[in-house]
Structures are given as structure tokens and as C-alpha cells.
>>> print(open('work-v8.txt').read())   # compact mmCIF, C-alpha atoms
# COMPACT_ATOMS: atom_id res chain seq x y z
CA MET A 7 14.94 17.35 -52.04
CA THR A 8 14.40 19.17 -55.33
CA LYS A 9 13.77 17.45 -58.62
CA PRO A 10 17.13 16.75 -60.29
CA VAL A 11 17.89 17.98 -63.80
CA ALA A 12 17.23 15.33 -66.44
CA GLN A 13 20.56 13.62 -66.92
CA ARG A 14 22.13 11.31 -69.45
CA PRO A 15 25.31 9.77 -68.01
CA GLY A 16 28.26 11.42 -69.68
CA GLY A 17 26.06 14.01 -71.36
CA ARG A 18 26.51 17.75 -71.11
CA THR A 19 23.75 18.10 -68.51
CA ALA A 20 25.35 15.50 -66.26
CA ARG A 21 28.72 17.17 -66.65
CA VAL A 22 27.40 20.64 -65.76
CA ARG A 23 25.55 19.15 -62.83
CA ALA A 24 28.71 17.47 -61.53
CA GLN A 25 30.66 20.72 -61.95
CA ILE A 26 28.02 22.66 -60.00
CA LEU A 27 28.06 20.13 -57.14
CA ASP A 28 31.87 20.14 -57.08
CA ALA A 29 31.98 23.96 -57.04
CA THR A 30 29.42 24.02 -54.22
CA ALA A 31 31.48 21.62 -52.09
CA ARG A 32 34.58 23.76 -52.61
CA LEU A 33 32.83 26.99 -51.70
CA VAL A 34 31.14 25.44 -48.67
CA ALA A 35 34.62 24.37 -47.60
CA ARG A 36 35.90 27.94 -48.00
CA ASP A 37 32.94 30.04 -46.85
CA GLY A 38 30.83 27.70 -44.74
CA ILE A 39 27.32 26.42 -45.30
CA ALA A 40 25.72 29.73 -44.43
CA GLY A 41 28.29 31.83 -46.27
CA PHE A 42 28.73 30.48 -49.80
CA ARG A 43 27.02 32.33 -52.69
CA TYR A 44 25.10 30.95 -55.69
CA GLU A 45 26.78 33.52 -57.96
CA GLU A 46 30.19 32.13 -57.14
CA VAL A 47 29.04 28.54 -57.53
CA ALA A 48 27.89 29.38 -61.07
CA GLU A 49 31.10 31.23 -61.88
CA LEU A 50 33.37 28.47 -60.56
CA ALA A 51 31.34 25.78 -62.35
CA GLY A 52 31.25 27.74 -65.61
CA ALA A 53 27.44 27.56 -65.55
CA HIS A 54 24.62 30.11 -65.77
CA LYS A 55 23.43 31.41 -62.42
CA MET A 56 19.85 30.58 -63.41
CA THR A 57 20.79 26.93 -63.99
CA VAL A 58 21.84 26.70 -60.36
CA TYR A 59 18.77 28.54 -59.02
CA ARG A 60 16.33 26.57 -61.18
CA ASN A 61 17.67 23.17 -60.22
CA TRP A 62 18.36 23.87 -56.58
CA PRO A 63 15.96 26.61 -55.43
CA ASP A 64 16.57 25.34 -51.88
CA ARG A 65 20.02 26.04 -50.45
CA ASN A 66 20.02 23.03 -48.17
CA SER A 67 19.30 20.64 -51.01
CA LEU A 68 22.24 22.04 -53.00
CA VAL A 69 24.58 21.62 -50.03
CA SER A 70 23.23 18.15 -49.31
CA GLU A 71 23.69 16.87 -52.85
CA ALA A 72 27.15 18.41 -53.11
CA LEU A 73 28.34 16.77 -49.89
CA LEU A 74 26.84 13.40 -50.84
CA ALA A 75 28.53 13.48 -54.24
CA ALA A 76 31.86 14.39 -52.62
CA ALA A 77 31.53 11.57 -50.08
CA GLU A 78 30.74 9.00 -52.76
CA HIS A 79 33.83 9.99 -54.70
CA THR A 80 36.18 9.66 -51.74
CA ALA A 81 35.12 6.59 -49.75
CA THR A 82 35.66 3.36 -51.65
CA LEU A 83 36.26 -0.10 -50.23
CA SER A 84 37.39 -2.89 -52.56
CA ASP A 85 37.13 -6.63 -52.12
CA THR A 86 40.39 -8.14 -53.36
CA GLY A 87 40.07 -11.11 -51.01
CA ASP A 88 42.67 -9.66 -48.62
CA LEU A 89 40.66 -8.09 -45.77
CA ARG A 90 43.59 -6.36 -44.06
CA GLN A 91 44.81 -4.84 -47.31
CA ASP A 92 41.32 -3.70 -48.34
CA LEU A 93 40.72 -1.99 -44.99
CA VAL A 94 44.15 -0.33 -45.06
CA ASP A 95 43.40 1.07 -48.54
CA PHE A 96 39.97 2.21 -47.31
CA LEU A 97 41.55 4.17 -44.44
CA LEU A 98 44.11 5.75 -46.79
CA ALA A 99 41.28 6.80 -49.14
CA LEU A 100 39.30 8.22 -46.21
CA ALA A 101 42.32 10.19 -44.98
CA ALA A 102 42.99 11.60 -48.45
CA GLY A 103 39.31 12.49 -48.81
CA MET A 104 39.16 14.21 -45.41
CA ALA A 105 42.29 16.21 -46.09
CA ASP A 106 41.02 17.78 -49.33
CA PRO A 107 38.77 20.86 -49.27
CA THR A 108 35.47 19.12 -49.93
CA GLY A 109 36.29 16.44 -47.39
CA ARG A 110 36.93 19.12 -44.79
CA ALA A 111 33.61 20.74 -45.64
CA LEU A 112 31.97 17.40 -45.04
CA VAL A 113 33.67 16.88 -41.68
CA LEU A 114 32.69 20.39 -40.58
CA ALA A 115 29.14 19.82 -41.77
CA ILE A 116 28.93 16.59 -39.79
CA GLN A 117 30.11 18.38 -36.67
CA SER A 118 27.68 21.28 -37.06
CA ALA A 119 24.73 19.27 -38.35
CA LYS A 120 22.94 19.25 -35.01
CA ASP A 121 21.64 22.73 -35.62
CA ASN A 122 20.30 22.02 -39.11
CA PRO A 123 17.84 19.12 -39.58
CA ASP A 124 18.21 18.99 -43.40
CA LEU A 125 21.97 18.90 -43.15
CA ARG A 126 21.81 16.32 -40.42
CA ALA A 127 19.82 14.02 -42.70
CA THR A 128 22.53 14.41 -45.34
CA THR A 129 25.46 13.80 -43.06
CA ASN A 130 23.70 10.74 -41.65
CA THR A 131 23.23 9.51 -45.22
CA VAL A 132 26.95 10.04 -45.87
CA LEU A 133 27.90 8.16 -42.71
CA ALA A 134 25.39 5.39 -43.52
CA HIS A 135 27.03 5.08 -46.95
CA ARG A 136 30.40 4.57 -45.25
CA VAL A 137 28.95 1.99 -42.86
CA ALA A 138 27.26 0.16 -45.76
CA LEU A 139 30.64 -0.17 -47.51
CA VAL A 140 32.14 -1.66 -44.36
CA GLN A 141 29.11 -3.91 -43.82
CA HIS A 142 29.35 -5.31 -47.34
CA ARG A 143 33.08 -6.06 -47.10
CA VAL A 144 32.80 -7.46 -43.59
CA ASP A 145 29.86 -9.75 -44.38
CA HIS A 146 32.11 -11.46 -46.89
CA ALA A 147 34.96 -11.83 -44.39
CA VAL A 148 32.57 -13.17 -41.72
CA ALA A 149 31.15 -15.70 -44.21
CA LEU A 150 34.69 -16.90 -44.89
CA GLY A 151 35.40 -17.16 -41.15
CA GLU A 152 38.17 -14.52 -41.36
CA ILE A 153 36.70 -12.46 -38.53
CA PRO A 154 33.91 -13.02 -36.00
CA GLN A 155 30.44 -11.54 -36.46
CA VAL A 156 30.69 -7.80 -35.80
CA ASP A 157 28.48 -4.73 -35.81
CA ALA A 158 29.51 -2.82 -38.95
CA LEU A 159 28.74 0.57 -37.37
CA LEU A 160 31.06 -0.17 -34.45
CA LEU A 161 33.75 -1.42 -36.81
CA ALA A 162 33.41 1.66 -39.03
CA ASP A 163 33.77 3.91 -35.95
CA LEU A 164 36.76 1.98 -34.59
CA LEU A 165 38.55 2.25 -37.94
CA SER A 166 37.61 5.71 -39.18
CA GLY A 167 37.47 7.59 -35.84
CA PRO A 168 41.26 7.50 -35.32
CA VAL A 169 41.82 8.51 -38.97
CA GLN A 170 39.58 11.54 -38.55
CA LEU A 171 41.44 12.69 -35.42
CA HIS A 172 44.83 12.19 -37.09
CA VAL A 173 43.84 14.19 -40.16
CA SER A 174 42.18 17.02 -38.24
CA ARG A 175 45.23 17.40 -36.00
CA ASP A 176 47.23 17.97 -39.18
CA LEU A 177 50.66 17.56 -37.57
CA ARG A 178 51.96 14.97 -40.02
CA PRO A 179 50.49 13.07 -42.99
CA PHE A 180 48.51 9.89 -42.43
CA THR A 181 50.69 7.06 -43.77
CA ARG A 182 50.16 3.46 -44.84
CA GLU A 183 51.95 2.40 -41.66
CA ASP A 184 49.43 4.39 -39.56
CA ALA A 185 46.58 2.67 -41.41
CA GLU A 186 48.14 -0.76 -40.93
CA ARG A 187 48.61 -0.20 -37.20
CA ILE A 188 44.95 0.82 -36.73
CA VAL A 189 43.61 -2.07 -38.84
CA ASP A 190 45.87 -4.61 -37.09
CA VAL A 191 44.88 -3.52 -33.57
CA VAL A 192 41.17 -3.41 -34.40
CA LEU A 193 41.05 -6.77 -36.23
CA ALA A 194 43.14 -8.48 -33.53
CA GLY A 195 40.94 -6.92 -30.85
CA LEU A 196 37.74 -8.12 -32.53
CA ARG A 197 39.12 -11.64 -32.82
CA ALA A 198 40.28 -11.68 -29.20
CA THR A 199 36.97 -10.38 -27.81
CA ALA A 200 34.57 -12.40 -29.99
CA ARG A 201 31.48 -13.24 -27.97
CA MET B 22 48.88 35.21 -25.14
CA THR B 23 47.84 38.20 -23.03
CA LYS B 24 48.88 38.69 -19.46
CA PRO B 25 46.33 37.01 -17.20
CA VAL B 26 44.51 38.95 -14.50
CA ALA B 27 46.14 38.55 -11.11
CA GLN B 28 44.32 35.68 -9.48
CA ARG B 29 43.94 34.25 -6.02
CA PRO B 30 42.39 30.77 -6.21
CA GLY B 31 38.81 31.03 -5.00
CA GLY B 32 38.98 34.82 -4.91
CA ARG B 33 36.57 37.16 -6.66
CA THR B 34 39.00 37.81 -9.53
CA ALA B 35 39.44 34.12 -10.20
CA ARG B 36 35.68 33.61 -10.10
CA VAL B 37 34.96 36.44 -12.54
CA ARG B 38 37.70 35.15 -14.79
CA ALA B 39 36.22 31.64 -14.81
CA GLN B 40 32.76 33.07 -15.53
CA ILE B 41 34.11 35.08 -18.47
CA LEU B 42 35.86 32.04 -19.95
CA ASP B 43 32.75 29.91 -19.48
CA ALA B 44 30.55 32.56 -21.11
CA THR B 45 32.98 32.82 -24.01
CA ALA B 46 32.92 29.06 -24.61
CA ARG B 47 29.11 29.08 -24.62
CA LEU B 48 28.89 31.98 -27.05
CA VAL B 49 31.54 30.52 -29.35
CA ALA B 50 29.42 27.36 -29.37
CA ARG B 51 26.33 29.37 -30.34
CA ASP B 52 27.75 32.03 -32.67
CA GLY B 53 31.06 30.62 -33.87
CA ILE B 54 34.58 31.88 -33.31
CA ALA B 55 34.18 34.79 -35.71
CA GLY B 56 30.64 35.63 -34.61
CA PHE B 57 30.56 35.95 -30.81
CA ARG B 58 30.55 39.45 -29.25
CA TYR B 59 32.49 40.80 -26.24
CA GLU B 60 29.39 42.67 -25.08
CA GLU B 61 27.45 39.44 -24.75
CA VAL B 62 30.35 37.68 -23.02
CA ALA B 63 30.35 40.42 -20.39
CA GLU B 64 26.57 40.32 -20.01
CA LEU B 65 26.41 36.51 -19.70
CA ALA B 66 29.34 36.50 -17.22
CA GLY B 67 27.89 39.34 -15.16
CA ALA B 68 31.12 41.28 -15.67
CA HIS B 69 32.00 44.75 -16.93
CA LYS B 70 32.71 44.92 -20.65
CA MET B 71 35.98 46.72 -19.91
CA THR B 72 37.15 43.83 -17.72
CA VAL B 73 36.90 41.55 -20.72
CA TYR B 74 38.58 44.00 -23.11
CA ARG B 75 41.39 44.86 -20.69
CA ASN B 76 42.31 41.26 -19.94
CA TRP B 77 41.84 39.85 -23.40
CA PRO B 78 42.45 42.65 -25.91
CA ASP B 79 43.11 39.91 -28.46
CA ARG B 80 40.08 37.90 -29.57
CA ASN B 81 42.07 34.76 -30.33
CA SER B 82 43.61 34.67 -26.87
CA LEU B 83 40.15 34.88 -25.28
CA VAL B 84 38.86 32.02 -27.43
CA SER B 85 42.00 29.97 -26.79
CA GLU B 86 41.85 30.32 -23.02
CA ALA B 87 38.13 29.61 -22.97
CA LEU B 88 38.50 26.41 -24.98
CA LEU B 89 41.47 25.25 -22.91
CA ALA B 90 39.56 25.82 -19.66
CA ALA B 91 36.56 23.93 -21.04
CA ALA B 92 38.75 21.02 -22.14
CA GLU B 93 40.45 20.78 -18.77
CA HIS B 94 37.10 20.59 -17.01
CA THR B 95 35.78 17.80 -19.19
CA ALA B 96 38.63 15.37 -19.80
CA THR B 97 39.74 13.61 -16.64
CA LEU B 98 41.38 10.21 -16.31
CA SER B 99 41.70 8.63 -12.87
CA ASP B 100 44.06 5.94 -11.68
CA THR B 101 42.07 3.59 -9.44
CA GLY B 102 44.33 0.65 -10.30
CA ASP B 103 41.73 -0.81 -12.69
CA LEU B 104 42.89 0.19 -16.19
CA ARG B 105 39.78 -0.97 -18.04
CA GLN B 106 37.47 0.81 -15.63
CA ASP B 107 39.53 4.03 -15.71
CA LEU B 108 39.54 4.11 -19.53
CA VAL B 109 35.80 3.40 -19.68
CA ASP B 110 35.14 6.31 -17.30
CA PHE B 111 37.48 8.50 -19.38
CA LEU B 112 35.49 7.77 -22.55
CA LEU B 113 32.18 8.45 -20.79
CA ALA B 114 33.55 11.80 -19.56
CA LEU B 115 34.79 12.64 -23.06
CA ALA B 116 31.41 11.80 -24.58
CA ALA B 117 29.58 13.94 -22.00
CA GLY B 118 32.03 16.77 -22.61
CA MET B 119 31.68 16.60 -26.39
CA ALA B 120 27.90 16.56 -26.20
CA ASP B 121 27.60 19.78 -24.17
CA PRO B 122 27.72 23.20 -25.87
CA THR B 123 31.30 24.10 -24.99
CA GLY B 124 32.50 20.65 -25.97
CA ARG B 125 30.84 21.06 -29.35
CA ALA B 126 32.54 24.44 -29.76
CA LEU B 127 35.82 22.73 -29.08
CA VAL B 128 35.22 19.97 -31.60
CA LEU B 129 34.21 22.52 -34.24
CA ALA B 130 37.26 24.63 -33.43
CA ILE B 131 39.52 21.62 -33.83
CA GLN B 132 38.00 20.87 -37.21
CA SER B 133 38.30 24.43 -38.47
CA ALA B 134 41.65 25.24 -36.87
CA LYS B 135 43.58 24.77 -40.09
CA ASP B 136 42.63 28.25 -41.22
CA ASN B 137 43.66 29.99 -38.00
CA PRO B 138 47.21 29.50 -36.67
CA ASP B 139 46.45 30.84 -33.16
CA LEU B 140 43.48 28.59 -32.82
CA ARG B 141 45.41 25.67 -34.16
CA ALA B 142 48.01 26.14 -31.44
CA THR B 143 45.20 26.03 -28.86
CA THR B 144 43.47 22.98 -30.22
CA ASN B 145 46.80 21.19 -30.42
CA THR B 146 47.37 22.11 -26.77
CA VAL B 147 43.96 20.69 -25.90
CA LEU B 148 44.66 17.48 -27.77
CA ALA B 149 48.14 17.26 -26.20
CA HIS B 150 46.51 17.62 -22.78
CA ARG B 151 44.27 14.64 -23.60
CA VAL B 152 47.23 12.59 -24.82
CA ALA B 153 49.23 13.47 -21.67
CA LEU B 154 46.40 12.14 -19.50
CA VAL B 155 46.45 8.87 -21.44
CA GLN B 156 50.27 8.74 -21.37
CA HIS B 157 50.35 9.15 -17.61
CA ARG B 158 47.75 6.44 -16.96
CA VAL B 159 49.26 4.07 -19.52
CA ASP B 160 52.83 4.45 -18.25
CA HIS B 161 51.62 3.08 -14.94
CA ALA B 162 49.84 0.13 -16.60
CA VAL B 163 52.92 -0.62 -18.73
CA ALA B 164 55.13 -0.54 -15.62
CA LEU B 165 52.81 -3.09 -13.98
CA GLY B 166 52.92 -5.27 -17.11
CA GLU B 167 49.15 -4.88 -17.67
CA ILE B 168 49.60 -3.82 -21.30
CA PRO B 169 52.55 -3.77 -23.70
CA GLN B 170 54.48 -0.56 -24.43
CA VAL B 171 52.29 1.65 -26.60
CA ASP B 172 52.36 5.05 -28.25
CA ALA B 173 49.99 7.19 -26.13
CA LEU B 174 48.96 9.31 -29.11
CA LEU B 175 47.89 6.23 -31.06
CA LEU B 176 46.06 4.87 -28.03
CA ALA B 177 44.29 8.20 -27.45
CA ASP B 178 43.19 8.25 -31.11
CA LEU B 179 42.02 4.61 -31.04
CA LEU B 180 39.94 5.26 -27.93
CA SER B 181 38.58 8.77 -28.47
CA GLY B 182 38.11 8.71 -32.28
CA PRO B 183 35.15 6.31 -32.16
CA VAL B 184 33.61 8.29 -29.27
CA GLN B 185 33.79 11.51 -31.29
CA LEU B 186 32.07 9.90 -34.29
CA HIS B 187 29.37 8.39 -32.11
CA VAL B 188 28.61 11.68 -30.38
CA SER B 189 28.65 13.79 -33.56
CA ARG B 190 26.27 11.36 -35.28
CA ASP B 191 23.86 12.04 -32.41
CA LEU B 192 21.53 9.12 -33.19
CA ARG B 193 21.58 7.62 -29.70
CA PRO B 194 23.42 8.40 -26.43
CA PHE B 195 26.90 7.02 -25.84
CA THR B 196 26.50 4.37 -23.11
CA ARG B 197 28.80 2.59 -20.66
CA GLU B 198 28.38 -0.53 -22.78
CA ASP B 199 29.63 1.38 -25.86
CA ALA B 200 32.64 2.56 -23.89
CA GLU B 201 33.37 -0.94 -22.60
CA ARG B 202 33.19 -2.44 -26.09
CA ILE B 203 35.69 0.13 -27.46
CA VAL B 204 38.09 -0.24 -24.53
CA ASP B 205 37.93 -4.05 -24.66
CA VAL B 206 38.62 -4.25 -28.40
CA VAL B 207 41.47 -1.74 -28.25
CA LEU B 208 43.18 -3.25 -25.18
CA ALA B 209 42.83 -6.80 -26.54
CA GLY B 210 44.13 -5.64 -29.92
CA LEU B 211 47.17 -3.96 -28.35
CA ARG B 212 47.98 -7.10 -26.36
CA ALA B 213 47.59 -9.34 -29.40
CA THR B 214 49.74 -7.17 -31.67
CA ALA B 215 52.52 -6.30 -29.19
CA ARG B 216 55.79 -6.00 -31.06
>>> encode(input="work-v8.txt", output="C-alpha cells")
Amino acid sequence: MTKPVAQRPGGRTARVRAQILDATARLVARDGIAGFRYEEVAELAGAHKMTVYRNWPDRNSLVSEALLAAAEHTATLSDTGDLRQDLVDFLLALAAGMADPTGRALVLAIQSAKDNPDLRATTNTVLAHRVALVQHRVDHAVALGEIPQVDALLLADLLSGPVQLHVSRDLRPFTREDAERIVDVVLAGLRATAR
Amino acid sequence: MTKPVAQRPGGRTARVRAQILDATARLVARDGIAGFRYEEVAELAGAHKMTVYRNWPDRNSLVSEALLAAAEHTATLSDTGDLRQDLVDFLLALAAGMADPTGRALVLAIQSAKDNPDLRATTNTVLAHRVALVQHRVDHAVALGEIPQVDALLLADLLSGPVQLHVSRDLRPFTREDAERIVDVVLAGLRATAR
């Protein structure tokens, strides 16, 4: 990882930085990890080319930070006290995130990460972030006795795997009813198979 | 689609054809759909370059047939009478198929198919093939009253989505125990939420 630019939240530097990462994610989505160009990142972000090169001399670190930032924007999991509702909203947010250009770049990167150790570290960080969100929400539900003890990684896979297939098939939009059906089957299945 | 070479099952033509499709899938896995070269397909298959060009003048049709053939080899779903066992074996076969080079090419192709209408038709055919296998096996189980009526597409997504995430994360192998846990949760969840 390269040293980040000094940033004050909300300041101009932070804003430029966010624009560069967003532009990178979009161009990776369009041109692939090997194909996107620094010149175009700068142009799309409205930044100087040298700002991009200076802060991210290493291509992999630019891609990694861009994908992480995109993932953190898309996957959110609230705790309103209603577990079913919170998980349904989480799946809808995931589906929306996967369907947009940066989300697609992320999914492609995850699939092709085997060949690129740096990228694999990033995609594993992104997936770990998703699992941590589920873990946090589920710990609360387990403490309240709403569901049995469960491995958060397994639960994250059971919930988000079907969403990913639905979105990548791209035959029809992923709806709230789809999300409810997945959440209902998985929660009922966990309760019925508690060991 | 191009006209296929005349084939006698088990004959030399059929064998050469299978070798060409297998070589194509391997090279697509290594070099990508846009990057693989006909010359190398011919070399790897031990065939004449003109045989490849004559039978598949269109690049997309070669890729499509290669990915379809690979998918048909990997995804199999038996009917031994034991639904749980058959689904567990299906998931293990899927995981093994996704982990090998042609399976990875297929997964990548599915993810990037949005930008290529021909390819999208193929990947949808591959996914439909998978769903048809599940439909066939599940119809029998429903008829026997082993599980409630269920949408085969939803069931295929619930079962294979988690497998795909597990394999693409590539942190540890997908085991029989993993497959059993997924199948048990999903079947129990379907029974508990039958409408």
C-alpha cells in the first residue's frame, strides 16, 4: 500500500481523492484492471495526472483502494431491531451495488483475483468487510435469542450468493420479494437445523 | 451459431472437435475471451488451424460452444432416490468444476456477459442447463412429497450461489461438510416456509 495523501474530512484533498477513487472504479469496470489508463482517471476525476501518479505510483494499490471504497459505499447493514427487515434491506443494497458499474468491477475482480496476489488481498478485505457487517448484526440477534448461534461467513454466503447469481444473470431486476424469499428460507433453515 | 462439423460419436471428427473445444476453454481461461488465439487453439488441440477456422469462422460461436461443452461435463445431478445425497454430490461437482481452469473461464464469462450479447446467450444457456438439472431432480422429490413445491431457479440459486462465493474466495477447499451444511439449511428452510 502507498502512503495516502494527507486528508482532512470534507476538505478539498479528501474530495479530490474520493473523485480519483470513484473514477478508477468506473474505468476498471469499463476497461478491466489491466486496461484502464491513469490519464483517463485524472481526466474523469478532474484532477492533475501527476496527483494520481504521485499518490498511487503502484497500479495495484490504486485499484485496491478504489474497489475498497466502492464496496464500503454499497454494503450497509442496519440494526433497527427487526432482523428479517435489516437482512432484506442488506440484500437489496448488495444487489443495487452489484448492478452498478463499480459493483460489477468488484465482482469481476473477485472472480479474477486468483491470478493477482495484491488484488486477491483486496477482494478478501472487501468480502471480510461484508462478513463483519453480518457478524455484527447476527451477534445481536443471537444474544436476543432470535436465531441460533451461526457462522457469520456461512450466513453471508447463504444470503449473498443467490443475490450475486440473480444480478449477474441480469434477466429481471432483483426485487424486495426476492430478498424476502431468500432471507425467509435461510433464517427458517438455520432455526430448523440448529445444532 | 455455425454449422457443426459432421460427427459420428466416438469417431475421429468428434474427437478432434472435443479437443478443439477443450483447448478453447483452456485458452479462454488463460487469455480471456478477447485475448485467445486460433493458432494456439489448433496447436493445443493437435488440429490443423484451418479446421478451426472452417468450423468456427465466428469467434463468439467457438467460445460459446466451448463453454457449453465445459459446463455440460462439470454439472451433473444424479437421482439415486436420496435427495440430500444427490444435492450434496451436485454441489461438490459444481465446486470442482468452478475451481478448474475452464470452470473459472465460465464464471468470468458469466460475470462479463453483459457487454456481449452472444456470450450472454451462451451463459444463460449454461445457467438454464443447471436449472433444468435441478428442476428434473426436484420434480421427482416433490412428486414423492419429500419437499414442497419450489421454484427450481430459486433453489438452484440458493444452493449454487454460496458454492460460487466459497470457491472464488479460494481461502480453503469446498468440502463435503460445507455442501451438507448448505443443502441441510436450504432444504429445512424450504420445508419450514412452504406456502
>>> closest_atom_pairs(input="work-v8.txt", of="chain A", to="chain B", cutoff="7 Å", atoms="all atoms listed in the file", output="Markdown table")
| residue | atom | partner | partner_atom | distance |
| --- | --- | --- | --- | --- |
| A:Leu114 | CA | B:Gln132 | CA | 6.3 |
| A:Ile116 | CA | B:Ser189 | CA | 6.8 |
| A:Gln117 | CA | B:Ser189 | CA | 5.7 |
| A:Asn130 | CA | B:Arg190 | CA | 6.9 |
| A:Asp163 | CA | B:Pro183 | CA | 4.7 |
| A:Leu164 | CA | B:Pro183 | CA | 5.2 |
| A:Gly167 | CA | B:Gly182 | CA | 3.8 |
| A:Pro168 | CA | B:Gly182 | CA | 4.5 |
| A:Leu171 | CA | B:Gly182 | CA | 6.1 |
| A:Ser174 | CA | B:Gln132 | CA | 5.8 |
| A:Arg175 | CA | B:Asn145 | CA | 6.9 |
| A:Val191 | CA | B:Gly210 | CA | 4.3 |
| A:Val192 | CA | B:Gly210 | CA | 5.8 |
| A:Ala194 | CA | B:Gly210 | CA | 4.7 |
| A:Gly195 | CA | B:Gly210 | CA | 3.6 |
| A:Leu196 | CA | B:Val206 | CA | 5.7 |
| A:Ala198 | CA | B:Ala209 | CA | 6.1 |
| A:Thr199 | CA | B:Val206 | CA | 6.4 |
>>> residues_around(input="work-v8.txt", residues="Leu48 (chain B)", least_positions_apart="5", cutoff="8 Å", atoms="only C-alpha atoms", output="ChimeraX atom specification")
/B:53,57-58,61-62
>>> closest_residue(input="work-v8.txt", among="A:Arg65, A:His142, A:Arg90, A:Arg136", to="Thr30 (chain A)", atoms="only C-alpha atoms")
A:Arg65
>>> atom_distance(input="work-v8.txt", atom1="CA of Ala91 (chain B)", atom2="CA of Ala117 (chain B)")
12.2 Å
>>> atom_distance(input="work-v8.txt", atom1="CA of Asp121 (chain B)", atom2="CA of Ala55 (chain B)")
20.0 Å
>>> closest_residue(input="work-v8.txt", among="A:Ser70, A:Thr181, A:Gln25, A:Gln141", to="His54 (chain A)", atoms="only C-alpha atoms")
A:Gln25
>>> residues_near_point(input="work-v8.txt", point="(42.7, -1.7, -55.9)", cutoff="12 Å", atoms="only C-alpha atoms", output="list in words")
Thr82, Leu83, Ser84, Asp85, Thr86, Gly87, Asp88, Gln91, Asp92, Leu93, Val94, Asp95, Phe96, Leu98 and Ala99 of chain A
>>> atom_distance(input="work-v8.txt", atom1="CA of Gly109 (chain A)", atom2="CA of Val132 (chain A)")
11.4 Å
>>> closest_residue(input="work-v8.txt", among="A:Leu50, A:Ala149, A:Ala81, A:Pro63", to="Ala101 (chain A)", atoms="all atoms listed in the file")
A:Ala81
>>> residues_around(input="work-v8.txt", residues="Ala53 (chain A)", least_positions_apart="2", cutoff="12 Å", atoms="only C-alpha atoms", output="ChimeraX atom specification")
/A:18-19,21-27,29,44-51,55-61
>>> write_last_selection(input="work-v8.txt", atoms="C-alpha atoms", output="mmCIF file, keeping the file's coordinate frame")
data_model
loop_
_atom_site.group_PDB
_atom_site.id
_atom_site.type_symbol
_atom_site.label_atom_id
_atom_site.label_comp_id
_atom_site.auth_asym_id
_atom_site.auth_seq_id
_atom_site.Cartn_x
_atom_site.Cartn_y
_atom_site.Cartn_z
ATOM 1 C CA ARG A 18 26.510 17.750 -71.110
ATOM 2 C CA THR A 19 23.750 18.100 -68.510
ATOM 3 C CA ARG A 21 28.720 17.170 -66.650
ATOM 4 C CA VAL A 22 27.400 20.640 -65.760
ATOM 5 C CA ARG A 23 25.550 19.150 -62.830
ATOM 6 C CA ALA A 24 28.710 17.470 -61.530
ATOM 7 C CA GLN A 25 30.660 20.720 -61.950
ATOM 8 C CA ILE A 26 28.020 22.660 -60.000
ATOM 9 C CA LEU A 27 28.060 20.130 -57.140
ATOM 10 C CA ALA A 29 31.980 23.960 -57.040
ATOM 11 C CA TYR A 44 25.100 30.950 -55.690
ATOM 12 C CA GLU A 45 26.780 33.520 -57.960
ATOM 13 C CA GLU A 46 30.190 32.130 -57.140
ATOM 14 C CA VAL A 47 29.040 28.540 -57.530
ATOM 15 C CA ALA A 48 27.890 29.380 -61.070
ATOM 16 C CA GLU A 49 31.100 31.230 -61.880
ATOM 17 C CA LEU A 50 33.370 28.470 -60.560
ATOM 18 C CA ALA A 51 31.340 25.780 -62.350
ATOM 19 C CA LYS A 55 23.430 31.410 -62.420
ATOM 20 C CA MET A 56 19.850 30.580 -63.410
ATOM 21 C CA THR A 57 20.790 26.930 -63.990
ATOM 22 C CA VAL A 58 21.840 26.700 -60.360
ATOM 23 C CA TYR A 59 18.770 28.540 -59.020
ATOM 24 C CA ARG A 60 16.330 26.570 -61.180
ATOM 25 C CA ASN A 61 17.670 23.170 -60.220
#
